[in-house]
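**Q** Dropping in upload.txt, which is compact mmCIF, C-alpha atoms:
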```txt
# COMPACT_ATOMS: atom_id res chain seq x y z
CA LYS A 1 41.71 43.00 -61.72
CA ILE A 2 38.23 41.67 -61.06
CA ILE A 3 39.63 38.19 -60.61
CA LEU A 4 42.30 39.48 -58.22
CA GLN A 5 39.69 41.39 -56.25
CA LEU A 6 37.53 38.24 -55.99
CA ILE A 7 40.54 36.25 -54.83
CA ASN A 8 41.40 38.87 -52.23
CA LEU A 9 37.78 39.03 -51.08
CA HIS A 10 37.68 35.25 -50.81
CA SER A 11 40.91 35.30 -48.79
CA VAL A 12 39.48 37.93 -46.44
CA TYR A 13 36.31 35.88 -45.86
CA SER A 14 38.36 32.70 -45.39
CA MET A 15 40.62 34.41 -42.86
CA ALA A 16 37.60 35.86 -41.06
CA PHE A 17 35.99 32.42 -40.92
CA ILE A 18 39.17 30.84 -39.56
CA LEU A 19 39.56 33.55 -36.90
CA CYS A 20 35.90 33.24 -35.95
CA PHE A 21 36.27 29.46 -35.67
CA ILE A 22 39.39 29.76 -33.49
CA TYR A 23 37.67 32.39 -31.35
CA THR A 24 34.62 30.14 -30.88
CA ILE A 25 36.77 27.17 -29.92
CA GLY A 26 38.67 29.35 -27.45
CA VAL A 27 35.47 30.67 -25.84
CA LEU A 28 34.05 27.14 -25.53
CA ALA A 29 37.30 25.86 -24.02
CA ILE A 30 37.37 28.67 -21.44
CA ALA A 31 33.68 28.19 -20.65
CA ASN A 32 34.21 24.47 -20.18
CA PHE A 33 37.22 25.07 -17.92
CA LEU A 34 35.35 27.60 -15.78
CA TYR A 35 32.29 25.35 -15.50
CA ASP A 36 34.39 22.34 -14.55
CA ASN A 37 36.19 24.29 -11.82
CA LEU A 38 33.49 26.60 -10.51
CA LYS A 39 30.41 24.34 -10.55
CA SER A 40 31.20 23.10 -7.05
CA VAL A 41 31.45 26.63 -5.66
CA PHE A 42 28.20 27.62 -7.39
CA SER A 43 26.41 24.52 -6.04
CA ILE A 44 27.54 25.30 -2.49
CA ILE A 45 26.35 28.93 -2.73
CA VAL A 46 22.94 27.83 -4.04
CA ALA A 47 22.59 25.18 -1.32
CA VAL A 48 23.50 27.65 1.44
CA LEU A 49 20.95 30.22 0.21
CA GLN A 50 18.17 27.76 -0.63
CA PRO A 51 16.74 27.32 2.91
CA TYR A 52 16.21 31.07 3.09
CA LEU A 53 14.52 31.27 -0.30
CA GLN A 54 12.35 28.16 -0.22
CA ALA A 55 10.10 26.87 2.55
CA LYS A 56 10.49 23.43 4.15
CA VAL A 57 14.01 22.72 2.94
CA SER A 58 15.95 20.31 5.19
CA LYS A 59 18.73 22.18 6.93
CA THR A 60 20.52 19.36 8.79
CA LEU A 61 22.22 16.17 7.72
CA VAL A 62 19.97 14.15 10.03
CA GLU A 63 16.86 15.61 8.39
CA ARG A 64 18.23 15.02 4.92
CA TYR A 65 19.80 11.57 5.24
CA GLY A 66 18.87 9.95 8.55
CA GLU A 67 20.27 9.24 11.99
CA TRP A 68 23.26 6.97 11.31
CA ALA A 69 26.55 7.41 9.45
CA VAL A 70 29.07 4.67 8.67
CA VAL A 71 32.70 5.78 8.41
CA THR A 72 35.58 3.55 7.37
CA GLY A 73 39.18 4.19 8.40
CA SER A 74 37.92 6.21 11.33
CA THR A 75 40.55 5.78 14.03
CA ASP A 76 43.14 8.15 12.56
CA GLY A 77 43.48 11.18 10.33
CA ILE A 78 40.66 12.39 8.11
CA GLY A 79 38.38 9.43 8.91
CA LYS A 80 38.52 10.04 12.65
CA GLU A 81 37.89 13.76 12.31
CA TYR A 82 35.12 13.16 9.76
CA ALA A 83 33.38 10.89 12.25
CA LYS A 84 33.70 13.53 14.98
CA GLU A 85 32.34 16.28 12.75
CA LEU A 86 29.35 14.16 11.70
CA ALA A 87 28.71 13.36 15.37
CA ARG A 88 28.91 17.06 16.19
CA GLN A 89 26.07 17.56 13.73
CA GLY A 90 23.96 15.01 15.56
CA LEU A 91 24.49 11.76 13.65
CA ASN A 92 25.07 8.44 15.38
CA ILE A 93 28.28 6.85 14.14
CA VAL A 94 29.29 3.34 13.08
CA LEU A 95 33.09 3.13 13.09
CA ILE A 96 34.83 0.52 10.95
CA SER A 97 38.59 0.08 11.21
CA ARG A 98 41.31 -2.48 11.98
CA THR A 99 42.40 -1.91 15.58
CA LYS A 100 39.88 -2.78 18.28
CA GLU A 101 41.56 -0.71 21.01
CA LYS A 102 41.58 2.42 18.86
CA LEU A 103 37.96 1.89 17.89
CA ILE A 104 36.88 1.62 21.51
CA SER A 105 38.79 4.78 22.36
CA VAL A 106 37.38 6.82 19.46
CA ALA A 107 33.84 5.56 20.10
CA SER A 108 34.11 6.51 23.77
CA ASP A 109 35.42 9.98 22.93
CA ILE A 110 32.60 10.60 20.45
CA GLU A 111 29.89 9.42 22.83
CA ASN A 112 31.21 11.50 25.71
CA GLN A 113 31.84 14.64 23.69
CA TYR A 114 28.81 14.70 21.39
CA LYS A 115 26.22 12.62 23.27
CA VAL A 116 25.39 10.39 20.29
CA LYS A 117 25.29 6.62 19.87
CA THR A 118 28.20 4.68 18.38
CA LYS A 119 28.85 1.15 17.12
CA TRP A 120 32.14 -0.28 15.96
CA ILE A 121 33.33 -3.13 13.73
CA ALA A 122 36.95 -4.31 13.82
CA VAL A 123 38.07 -5.71 10.46
CA ASP A 124 41.17 -5.52 8.28
CA PHE A 125 40.17 -4.34 4.79
CA ALA A 126 43.39 -5.80 3.37
CA LYS A 127 41.90 -9.29 3.87
CA GLY A 128 39.51 -8.64 1.04
CA ARG A 129 36.29 -10.50 0.36
CA GLU A 130 36.09 -12.47 3.61
CA ILE A 131 35.48 -9.42 5.83
CA TYR A 132 32.36 -8.11 4.11
CA ASP A 133 30.05 -10.79 5.44
CA GLU A 134 31.15 -9.76 8.94
CA ILE A 135 30.49 -6.10 8.15
CA GLU A 136 27.08 -6.98 6.74
CA LYS A 137 26.17 -8.86 9.92
CA GLY A 138 27.39 -5.95 12.03
CA LEU A 139 25.22 -3.52 10.11
CA LYS A 140 22.11 -5.70 10.23
CA GLY A 141 19.11 -3.62 11.17
CA ILE A 142 20.95 -0.32 10.67
CA ASP A 143 19.58 1.99 7.99
CA VAL A 144 22.73 3.65 6.69
CA GLY A 145 22.15 7.21 5.60
CA ILE A 146 25.77 8.31 5.15
CA LEU A 147 28.54 5.85 4.24
CA GLY A 148 32.17 6.31 5.30
CA ASN A 149 35.15 3.95 5.85
CA LEU A 150 35.60 2.89 9.49
CA LYS A 151 36.43 -0.60 10.71
CA GLN A 152 34.81 -1.93 13.88
CA LYS A 153 32.81 -4.89 15.12
CA VAL A 154 29.10 -4.25 15.39
CA LYS A 155 26.56 -6.64 16.90
CA ALA A 156 23.27 -7.01 15.08
CA ASN A 157 20.85 -4.42 16.45
CA ASN A 158 17.96 -2.44 15.05
CA TYR A 159 19.56 0.90 14.28
CA LYS A 160 19.20 3.08 11.21
CA SER A 161 22.29 4.32 9.39
CA SER A 162 21.82 7.06 6.86
CA LEU A 163 25.19 8.06 5.49
CA SER A 164 28.35 6.30 4.37
CA VAL A 165 31.86 7.79 4.14
CA ASN A 166 34.38 5.63 2.29
CA ASN A 167 37.62 6.97 3.71
CA VAL A 168 39.70 3.86 4.43
CA GLY A 169 42.87 3.77 2.37
CA MET A 170 46.56 3.04 2.46
CA MET A 171 49.78 4.29 0.93
CA TYR A 172 53.37 3.12 0.79
CA GLU A 173 55.63 3.80 3.75
CA HIS A 174 57.00 6.63 1.59
CA PRO A 175 57.05 7.48 -2.15
CA GLU A 176 58.93 4.73 -3.95
CA ASN A 177 59.60 3.25 -7.38
CA LEU A 178 57.29 0.39 -8.31
CA HIS A 179 59.94 -2.32 -8.61
CA LEU A 180 61.11 -1.64 -5.04
CA ILE A 181 57.67 -2.12 -3.46
CA SER A 182 56.77 -5.58 -2.19
CA GLU A 183 54.08 -7.48 -4.08
CA GLU A 184 52.23 -8.08 -0.81
CA LEU A 185 51.97 -4.33 -0.17
CA LEU A 186 50.77 -3.70 -3.71
CA TRP A 187 48.02 -6.31 -3.36
CA ASP A 188 46.96 -4.82 -0.02
CA LEU A 189 46.92 -1.30 -1.46
CA MET A 190 44.75 -2.29 -4.43
CA THR A 191 42.43 -4.33 -2.21
CA VAL A 192 41.98 -1.55 0.34
CA ASN A 193 41.90 1.52 -1.91
CA MET A 194 39.66 0.10 -4.64
CA GLY A 195 38.02 -3.00 -3.19
CA SER A 196 36.69 -1.34 -0.04
CA VAL A 197 34.98 1.59 -1.75
CA THR A 198 33.34 -0.81 -4.22
CA MET A 199 32.15 -3.47 -1.78
CA MET A 200 31.10 -1.14 1.06
CA THR A 201 28.95 0.71 -1.46
CA ARG A 202 27.55 -2.56 -2.84
CA LYS A 203 26.61 -3.77 0.65
CA ILE A 204 24.86 -0.59 1.76
CA LEU A 205 23.37 0.76 -1.48
CA PRO A 206 20.33 -1.60 -1.70
CA GLN A 207 18.88 -0.37 1.61
CA MET A 208 19.39 3.27 0.57
CA ILE A 209 17.59 2.60 -2.70
CA GLY A 210 14.76 0.95 -0.78
CA ARG A 211 14.37 4.04 1.43
CA ARG A 212 15.06 6.50 -1.41
CA LYS A 213 17.37 8.31 0.96
CA GLY A 214 21.09 8.42 1.73
CA ALA A 215 24.54 9.71 0.84
CA ILE A 216 27.78 8.00 -0.15
CA VAL A 217 30.96 10.00 0.41
CA ASN A 218 34.08 8.66 -1.29
CA ILE A 219 37.41 10.13 -0.23
CA GLY A 220 39.69 10.24 -3.24
CA SER A 221 42.70 12.49 -3.72
CA ALA A 222 43.77 15.55 -5.70
CA SER A 223 46.72 13.41 -6.79
CA GLU A 224 44.38 11.73 -9.31
CA LEU A 225 44.69 14.81 -11.52
CA GLN A 226 47.81 13.41 -13.20
CA PRO A 227 50.08 10.35 -13.05
CA LEU A 228 52.63 10.64 -10.23
CA PRO A 229 55.85 8.61 -10.57
CA THR A 230 56.96 7.12 -7.20
CA MET A 231 53.26 7.22 -6.23
CA THR A 232 52.21 5.19 -9.26
CA VAL A 233 49.75 2.67 -7.84
CA TYR A 234 48.39 5.00 -5.15
CA THR A 235 47.41 7.75 -7.61
CA ALA A 236 46.01 5.19 -10.06
CA SER A 237 43.81 3.78 -7.30
CA LYS A 238 42.53 7.29 -6.55
CA LYS A 239 41.65 7.78 -10.20
CA PHE A 240 39.54 4.65 -9.84
CA VAL A 241 37.66 6.32 -6.97
CA THR A 242 36.99 9.38 -9.16
CA PHE A 243 35.52 7.42 -12.07
CA PHE A 244 33.65 5.05 -9.75
CA SER A 245 32.01 7.95 -7.90
CA LYS A 246 31.03 9.92 -10.99
CA ALA A 247 29.50 6.87 -12.69
CA LEU A 248 27.68 5.80 -9.52
CA GLU A 249 26.27 9.31 -9.10
CA GLN A 250 24.41 8.96 -12.39
CA GLU A 251 23.21 5.44 -11.57
CA VAL A 252 21.57 6.36 -8.26
CA LYS A 253 20.36 9.88 -9.02
CA GLU A 254 16.86 8.59 -9.81
CA HIS A 255 16.72 7.01 -6.33
CA ASN A 256 17.31 10.35 -4.54
CA ILE A 257 20.75 9.27 -3.27
CA ASP A 258 23.68 11.67 -3.19
CA VAL A 259 27.18 10.56 -4.15
CA GLN A 260 29.98 12.94 -3.23
CA LEU A 261 33.59 12.72 -4.42
CA VAL A 262 36.04 14.44 -2.07
CA MET A 263 39.57 15.04 -3.40
CA PRO A 264 41.85 16.46 -0.71
CA GLY A 265 45.34 17.74 -1.30
CA ILE A 266 48.00 17.11 1.34
CA VAL A 267 46.49 16.97 4.84
CA ILE A 268 48.60 16.60 7.98
CA THR A 269 48.07 12.95 8.97
CA LYS A 270 50.23 9.94 9.79
CA MET A 271 50.17 9.03 6.10
CA ASN A 272 52.64 11.88 5.48
CA ALA A 273 54.90 11.14 8.45
CA TYR A 274 57.69 10.17 6.05
CA SER A 275 58.38 13.90 5.49
CA ASP A 276 59.42 16.15 8.36
CA ARG A 277 59.26 19.03 5.90
CA VAL A 278 55.51 18.46 5.41
CA MET A 279 54.66 17.64 9.02
CA SER A 280 56.49 20.68 10.41
CA ARG A 281 54.41 23.02 8.25
CA GLY A 282 51.05 21.80 9.46
CA GLY A 283 48.51 24.57 9.83
CA LEU A 284 49.63 26.52 6.77
CA PRO A 285 46.81 27.23 4.28
CA MET A 286 47.88 24.46 1.88
CA LEU A 287 48.63 21.99 4.70
CA PRO A 288 45.61 21.88 7.02
CA PHE A 289 45.31 19.56 9.99
CA ALA A 290 42.75 16.76 9.62
CA SER A 291 40.36 18.42 12.08
CA THR A 292 40.33 21.68 10.12
CA TYR A 293 39.99 19.90 6.81
CA SER A 294 37.09 17.72 7.95
CA LYS A 295 35.02 20.66 9.19
CA PHE A 296 35.22 22.31 5.77
CA ALA A 297 34.64 19.03 3.91
CA VAL A 298 31.56 18.00 5.90
CA PHE A 299 30.11 21.48 5.33
CA THR A 300 30.00 20.72 1.57
CA LEU A 301 28.01 17.49 2.05
CA GLY A 302 24.62 17.75 0.37
CA LYS A 303 25.68 20.94 -1.40
CA THR A 304 27.95 19.62 -4.16
CA SER A 305 28.77 16.24 -5.69
CA GLU A 306 32.46 16.98 -6.24
CA THR A 307 34.82 18.98 -4.06
CA ASN A 308 38.38 19.31 -2.85
CA GLY A 309 36.86 19.74 0.58
CA TYR A 310 38.96 22.71 1.62
CA TRP A 311 39.18 26.19 0.13
CA ALA A 312 42.98 26.26 -0.27
CA HIS A 313 43.01 22.83 -1.91
CA GLY A 314 40.33 24.04 -4.32
CA ILE A 315 42.52 26.97 -5.37
CA GLN A 316 45.53 24.67 -5.68
CA TYR A 317 43.57 22.20 -7.82
CA PHE A 318 42.31 25.02 -10.05
CA LEU A 319 45.82 26.35 -10.66
CA MET A 320 47.22 22.88 -11.29
CA LYS A 321 44.68 22.28 -14.05
CA LEU A 322 45.97 25.34 -15.93
CA ALA A 323 49.18 23.44 -16.71
CA PRO A 324 49.28 20.63 -19.32
CA MET A 325 49.36 17.11 -17.88
CA PRO A 326 53.01 16.42 -18.89
CA ILE A 327 54.14 19.48 -16.92
CA ARG A 328 52.01 18.51 -13.90
CA THR A 329 53.46 15.01 -14.04
CA LEU A 330 57.03 16.32 -14.27
CA LEU A 331 56.60 18.73 -11.36
CA GLY A 332 54.83 16.08 -9.30
CA HIS A 333 57.61 13.60 -9.96
CA ARG A 334 60.25 16.08 -8.81
CA MET A 335 58.34 16.95 -5.64
CA PHE A 336 57.65 13.38 -4.56
CA ASN A 337 61.14 12.29 -5.52
CA ARG A 338 62.39 14.87 -3.01
CA PHE A 339 60.02 13.40 -0.43
CA ARG A 340 61.37 9.95 -1.28
CA ASN A 341 64.99 11.03 -0.81
CA GLU A 342 64.06 12.75 2.46
CA ALA A 343 62.39 9.58 3.73
CA LEU A 344 65.36 7.39 2.77
CA GLU A 345 67.77 9.75 4.51
CA LYS A 346 65.53 9.73 7.58
CA LYS A 347 65.57 5.92 7.69
CA GLN A 348 69.36 5.82 7.53
CA LYS A 349 69.81 8.06 10.58
```
In structure tokens, how does this file's structure come out?

**A**
Amino acid sequence: KIILQLINLHSVYSMAFILCFIYTIGVLAIANFLYDNLKSVFSIIVAVLQPYLQAKVSKTLVERYGEWAVVTGSTDGIGKEYAKELARQGLNIVLISRTKEKLISVASDIENQYKVKTKWIAVDFAKGREIYDEIEKGLKGIDVGILGNLKQKVKANNYKSSLSVNNVGMMYEHPENLHLISEELLWDLMTVNMGSVTMMTRKILPQMIGRRKGAIVNIGSASELQPLPTMTVYTASKKFVTFFSKALEQEVKEHNIDVQLVMPGIVITKMNAYSDRVMSRGGLPMLPFASTYSKFAVFTLGKTSETNGYWAHGIQYFLMKLAPMPIRTLLGHRMFNRFRNEALEKKQK
């Protein structure tokens, strides 16, 4: 009986230990999930309240980073609206994009509406390495405080740029299977989506380090959360932006430079014109227009290093992460396959 009692007691303690271990693992997993998803919200709340709780805290982007922002891909969509929102907050803007006529038009609109200075550099990021010497010459004498992807020609002048927004990017004409996409388009996509964010940062970072001041904003995508068949190379390139930004953040932290990763969901831009279903629902909470999205996204600058940029996209991202990756991949494949079929039907009409 004594032996049986000891065995039973040992079993009870063993079961208690196992349950305690499982409970601890569960608590840690939940804590990690909540931290990973709520740290951005907490950082924004702290940043908003800080000026009221601590004296001499910079309250504007100009005070924090400087007078000039560089934005790539700034003649359409998110890039254009980002540039306008930064100008609204008083920053001078360097626009970098491909089409000269569009650059002139956007620059004129910004100057007239917001009474700030603009410069533009017209280059095609798909051409790769050869364009960056031209960009470097165009930015000579400009202290970049905020970096963003815009393509325009800029003559060498003594201006200070304080911020860089790496927004330039490209996608297929519509979701498509890899073997049906031209090799030329794939090379262009990899060059633009990964090469531009790397080389624009490399060109501008040394002057920011020298001034111990600046911000680099990299526009990624919420699609990086899982592999997406029919969007294979695009989503993989956005995962590159995520890892690049998070690693760079640690590298430059000691130099007082902010690196922000912005991961939007679907925003109503020309990039989604392949789907009438998406475009017709613009303005719904999950499908904001680029102007609405950019106002929310710019508000987070200097307050958090990682954000979806828009409240509804943050909720969507949170809920998506509750599902295992295979399920997210399956659902994503089905959704974008419907978009693909819709686009193919549209082309046949």

**Q** Report the centre and edge lengths, in Å to one decimal, of an axis-aligned box enclosing every atom of segment 298-304 of chain A listed in the file, padded by 5 Å on each side, as lines of an AutoDock Vina configuration file.

**A**
```
center_x = 28.1
center_y = 19.5
center_z = 0.9
size_x = 16.9
size_y = 14.0
size_z = 20.1
```

**Q** Mind checking which residues fall within 8 Å of Ala83 of chain A, counting all atoms listed in the file, ignoring those fewer than 2 positions away in the same chain, and posting them as a PyMOL selection string?

**A** chain A and resi 71+74+79-81+85-87+93+95

**Q** Show me, as a count of residues only, the residues that have an atom within 7 Å of Ile219 of chain A when counting all atoms listed in the file, minus same-chain residues fewer than 4 positions from it.

**A** 5

**Q** Write out as a list in words the residues lying within 8 Å of segment 291-308 of chain A, counting all atoms listed in the file and excluding same-chain residues fewer than 5 positions away.

**A**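 Those residues are Ser40, Val41, Ser43, Ile44, Val46, Ala47, Val48, Leu61, Ile78, Glu81, Tyr82, Glu85, Leu86, Ala222, Asp258, Val259, Gln260, Leu261, Val262, Met263, Pro264, Gly265, Val267, His313, Gly314 and Tyr317 of chain A.
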
**Q** Which distance in Å separates atom CA of Trp311 of chain A and atom CA of Leu287 of chain A, to one decimal?

**A** 11.3 Å

**Q** As an exercise, work out the distance from atom CA of Glu67 of chain A to atom CA of Tyr114 of chain A in Å and give it to one decimal place.

**A** 13.8 Å

**Q** Neighbours of segment 179-193 of chain A within 10 Å (all atoms listed in the file; same-chain residues fewer than 6 positions away dropped), as a list in words?

**A**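 Counting only the stated atoms, we get Asp124, Phe125, Ala126, Lys127, Gly128, Arg129, Asn166, Asn167, Val168, Gly169, Met170, Met171, Tyr172, Glu173, Ile219, Gly220, Thr230, Val233, Tyr234, Ala236, Ser237, Lys238, Phe240 and Val241 of chain A.
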
**Q** Just to confirm, what's the straight-line distance from atom CA of Arg98 of chain A to atom CA of Lys140 of chain A in Å (one decimal)?

**A**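 These two atoms are separated by 19.5 Å.
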
**Q** Give as a short mmCIF file (atom, residue, chain, number, x, y, z; two decimals) with C-alpha atoms, in the frame of the given file every residue, naming chains and numbers as the document does, that has an atom within 10 Å of (21.4, 11.9, 19.2), counting only C-alpha atoms.

**A**
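Result file out-v3.cif:
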```cif
data_model
loop_
_atom_site.label_atom_id
_atom_site.label_comp_id
_atom_site.auth_asym_id
_atom_site.auth_seq_id
_atom_site.Cartn_x
_atom_site.Cartn_y
_atom_site.Cartn_z
CA VAL A 62 19.97 14.15 10.03
CA GLU A 67 20.27 9.24 11.99
CA TRP A 68 23.26 6.97 11.31
CA ALA A 87 28.71 13.36 15.37
CA ARG A 88 28.91 17.06 16.19
CA GLN A 89 26.07 17.56 13.73
CA GLY A 90 23.96 15.01 15.56
CA LEU A 91 24.49 11.76 13.65
CA ASN A 92 25.07 8.44 15.38
CA ILE A 93 28.28 6.85 14.14
CA GLU A 111 29.89 9.42 22.83
CA TYR A 114 28.81 14.70 21.39
CA LYS A 115 26.22 12.62 23.27
CA VAL A 116 25.39 10.39 20.29
CA LYS A 117 25.29 6.62 19.87
CA THR A 118 28.20 4.68 18.38
#
```

**Q** Find the residue from A:Ala290, A:Val217, A:Ala16, A:Leu284 that sits nearest to Lys270 of chain A; use all atoms listed in the file when measuring.

**A** A:Ala290

**Q** Please determine, counting all atoms listed in the file, which residue among A:Ser97, A:Ser105, A:Thr242, A:Gln348 has the shortest atom-to-atom distance to Met194 of chain A.

**A**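 Closest candidate: A:Thr242.
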